[in-house]
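**Q** Below is the file input.csv, with CSV, C-alpha atoms.
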```csv
chain,number,residue,atom,x,y,z
A,314,MET,CA,-26.4,-29.1,-69.7
A,315,GLY,CA,-22.9,-28.9,-68.2
A,316,ALA,CA,-20.4,-26.3,-67.0
A,317,ARG,CA,-19.1,-26.0,-70.6
A,318,SER,CA,-22.5,-24.9,-72.0
A,319,SER,CA,-22.6,-21.7,-74.0
A,320,PRO,CA,-23.5,-18.5,-72.2
A,321,GLU,CA,-26.6,-18.4,-74.4
A,322,LEU,CA,-27.8,-21.8,-73.4
A,323,ARG,CA,-27.1,-21.2,-69.7
A,324,ALA,CA,-29.1,-17.9,-70.0
A,325,ALA,CA,-32.0,-19.7,-71.7
A,326,ALA,CA,-32.1,-22.4,-69.1
A,327,THR,CA,-32.0,-20.0,-66.1
A,328,PRO,CA,-35.4,-19.3,-64.5
A,329,ARG,CA,-36.8,-15.9,-65.3
A,330,HIS,CA,-38.7,-15.5,-62.0
A,331,ARG,CA,-38.5,-16.8,-58.4
A,332,ALA,CA,-41.8,-18.7,-57.8
A,333,ASP,CA,-40.7,-21.1,-55.0
A,334,LYS,CA,-43.0,-21.5,-52.0
A,335,PRO,CA,-41.6,-21.2,-48.5
A,336,VAL,CA,-39.6,-24.0,-47.0
A,337,GLY,CA,-42.0,-26.7,-45.8
A,338,GLU,CA,-44.6,-26.1,-48.5
A,339,TRP,CA,-45.0,-28.2,-51.6
A,340,ASN,CA,-44.0,-26.7,-55.0
A,341,HIS,CA,-45.9,-27.7,-58.2
A,342,PHE,CA,-43.9,-28.0,-61.4
A,343,GLU,CA,-45.1,-28.6,-64.9
A,344,ILE,CA,-42.2,-29.5,-67.1
A,345,THR,CA,-42.8,-29.9,-70.8
A,346,VAL,CA,-40.1,-31.3,-73.1
A,347,ALA,CA,-41.0,-31.2,-76.9
A,348,GLY,CA,-38.1,-32.3,-79.0
A,349,LYS,CA,-35.1,-30.5,-77.7
A,350,THR,CA,-37.1,-27.6,-76.0
A,351,VAL,CA,-37.8,-27.5,-72.3
A,352,ALA,CA,-40.4,-25.2,-70.7
A,353,VAL,CA,-41.0,-25.0,-67.0
A,354,VAL,CA,-44.0,-23.6,-65.0
A,355,LEU,CA,-43.5,-23.4,-61.2
A,356,ASN,CA,-46.5,-22.8,-59.1
A,357,GLY,CA,-48.4,-21.3,-62.0
A,358,VAL,CA,-45.6,-19.0,-63.1
A,359,THR,CA,-43.7,-19.6,-66.3
A,360,VAL,CA,-40.1,-19.6,-65.1
A,361,ILE,CA,-38.5,-21.0,-68.3
A,362,PRO,CA,-40.6,-20.3,-71.4
A,363,GLY,CA,-38.6,-22.5,-73.7
A,364,ALA,CA,-34.9,-23.4,-73.6
A,365,THR,CA,-33.5,-25.4,-76.6
A,366,ILE,CA,-31.0,-27.9,-75.4
A,367,PRO,CA,-29.0,-28.9,-78.5
A,368,ASP,CA,-27.6,-32.2,-77.0
A,369,MET,CA,-30.9,-33.3,-75.5
A,370,PRO,CA,-31.2,-37.1,-76.1
A,371,GLU,CA,-34.3,-38.3,-77.8
A,372,THR,CA,-34.7,-41.2,-75.3
A,373,GLY,CA,-33.4,-42.0,-71.9
A,374,ARG,CA,-34.0,-41.8,-68.2
A,375,ILE,CA,-35.9,-39.1,-66.4
A,376,ALA,CA,-34.0,-37.9,-63.3
A,377,PHE,CA,-34.6,-35.4,-60.5
A,378,GLN,CA,-31.9,-33.0,-59.5
A,379,HIS,CA,-30.9,-31.9,-56.0
A,380,HIS,CA,-28.6,-29.0,-55.3
A,381,GLY,CA,-28.1,-29.6,-51.6
A,382,SER,CA,-25.3,-31.6,-50.0
A,383,ARG,CA,-24.2,-33.0,-46.7
A,384,ASN,CA,-21.6,-31.3,-44.5
A,385,LYS,CA,-18.8,-33.2,-42.5
A,386,GLN,CA,-21.3,-33.9,-39.7
A,387,GLY,CA,-23.7,-35.6,-42.2
A,388,GLU,CA,-26.3,-32.9,-42.0
A,389,TRP,CA,-28.1,-31.6,-45.1
A,390,VAL,CA,-27.0,-28.1,-45.9
A,391,GLY,CA,-27.6,-25.6,-48.7
A,392,PRO,CA,-30.8,-25.1,-50.6
A,393,PRO,CA,-32.9,-27.1,-50.8
A,394,SER,CA,-31.4,-29.4,-48.2
A,395,LEU,CA,-33.9,-32.3,-47.9
A,396,VAL,CA,-36.0,-32.8,-51.0
A,397,GLN,CA,-39.1,-35.0,-51.3
A,398,PHE,CA,-41.2,-35.8,-54.4
A,399,LYS,CA,-44.9,-36.8,-54.6
A,400,ASN,CA,-47.6,-37.2,-57.2
A,401,ILE,CA,-45.3,-37.5,-60.2
A,402,TYR,CA,-47.1,-38.0,-63.5
A,403,ILE,CA,-45.7,-38.4,-67.0
A,404,LYS,CA,-47.8,-37.8,-70.1
A,405,GLU,CA,-46.5,-38.5,-73.5
A,406,LEU,CA,-47.2,-35.6,-75.9
A,407,ASP,CA,-49.0,-36.2,-79.2
A,408,GLU,CA,-46.7,-36.0,-82.2
A,409,LYS,CA,-47.3,-33.1,-84.5
```
Can the structure from this file be put into structure tokens for me?
**A**
Amino acid sequence: MGARSSPELRAAATPRHRADKPVGEWNHFEITVAGKTVAVVLNGVTVIPGATIPDMPETGRIAFQHHGSRNKQGEWVGPPSLVQFKNIYIKELDEK
């Protein structure tokens, strides 16, 4: 999903609730992709119930996104600054 995405797509892919834990605590995500539809549960709260991404590829890499950056001094700034991942599991869904 890019900057040229339709307003409807951007709205569908925008979290409905803030369910983040405080800085320093681990968050738990459950991300389900079925066909071109993505649903996200964050810390037990459904934040994206189902966003259809028309240009979602059927196969490809899985990537993690980070919205922070480094300033001119090389320090991490902006949320979430430093990001760490652990206990990543991938489960293939049964075809229906």
**Q** So how far away is atom CA of Phe342 of chain A from atom CA of Leu355 of chain A, in Å?
**A**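 Computing the Euclidean distance for atom CA of Leu355 of chain A and atom CA of Phe342 of chain A yields 4.6 Å.
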**Q** Identify which of the residues A:Pro370, A:Val351, A:Thr359, A:Gly337 lies closest to Gln397 of chain A, counting only C-alpha atoms when measuring atom-to-atom distances.
**A**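 The closest residue to Gln397 of chain A is A:Gly337.
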**Q** Got a sec: who's within 8 Å of Ile366 of chain A, counting all atoms listed in the file, leaving out chain neighbours fewer than 4 positions off, as a list in words?
**A**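 Close residues of Ile366 of chain A: Met314, Leu322, Lys349, Thr350 and Val351 of chain A.
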**Q** If I take atom CA of Asn340 of chain A and atom CA of Phe398 of chain A, how far is one from the other in Å, to one decimal?
**A**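 Value for the atom CA of Asn340 of chain A-atom CA of Phe398 of chain A distance: 9.5 Å.
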**Q** Using all atoms listed in the file, collect all residues at a distance of at most 10 Å from (-38.5, -18.5, -66.8) as written in the file, then present them as a CSV table (one decimal) with C-alpha atoms, in the frame of the given file.
**A**
```
chain,number,residue,atom,x,y,z
A,324,ALA,CA,-29.1,-17.9,-70.0
A,325,ALA,CA,-32.0,-19.7,-71.7
A,326,ALA,CA,-32.1,-22.4,-69.1
A,327,THR,CA,-32.0,-20.0,-66.1
A,328,PRO,CA,-35.4,-19.3,-64.5
A,329,ARG,CA,-36.8,-15.9,-65.3
A,330,HIS,CA,-38.7,-15.5,-62.0
A,331,ARG,CA,-38.5,-16.8,-58.4
A,332,ALA,CA,-41.8,-18.7,-57.8
A,352,ALA,CA,-40.4,-25.2,-70.7
A,353,VAL,CA,-41.0,-25.0,-67.0
A,354,VAL,CA,-44.0,-23.6,-65.0
A,355,LEU,CA,-43.5,-23.4,-61.2
A,358,VAL,CA,-45.6,-19.0,-63.1
A,359,THR,CA,-43.7,-19.6,-66.3
A,360,VAL,CA,-40.1,-19.6,-65.1
A,361,ILE,CA,-38.5,-21.0,-68.3
A,362,PRO,CA,-40.6,-20.3,-71.4
A,363,GLY,CA,-38.6,-22.5,-73.7
A,364,ALA,CA,-34.9,-23.4,-73.6
```
**Q** Between atom CA of Ile403 of chain A and atom CA of Ala376 of chain A, what is the distance in Å, rounded to a tenth?
**A**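 About the pair atom CA of Ile403 of chain A and atom CA of Ala376 of chain A: they are 12.3 Å apart.
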**Q** Might I get the box with edges along x, y and z of the file that holds all atoms of segment 369-382 of chain A listed there, padded by 5 Å on every side, given as centre and edge lengths in Å to one decimal, as JSON?
**A**
```
{"center_x": -30.6, "center_y": -35.5, "center_z": -63.9, "size_x": 20.6, "size_y": 23.0, "size_z": 37.8}
```
**Q** Of the candidates A:Glu338, A:Glu388, A:Asp407, A:Asp333, which shows the shortest atom-to-atom distance to Gly357 of chain A, using all atoms listed in the file?
**A**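 Between A:Glu338, A:Glu388, A:Asp407, A:Asp333, the residue approaching Gly357 of chain A most closely is A:Asp333.
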**Q** Which residues are near Glu371 of chain A? Cut-off 12 Å, all atoms listed in the file, ignore same chain within fewer than 3 positions. Put them as a ChimeraX atom specification.
**A** /A:346-350,366-368,374-375
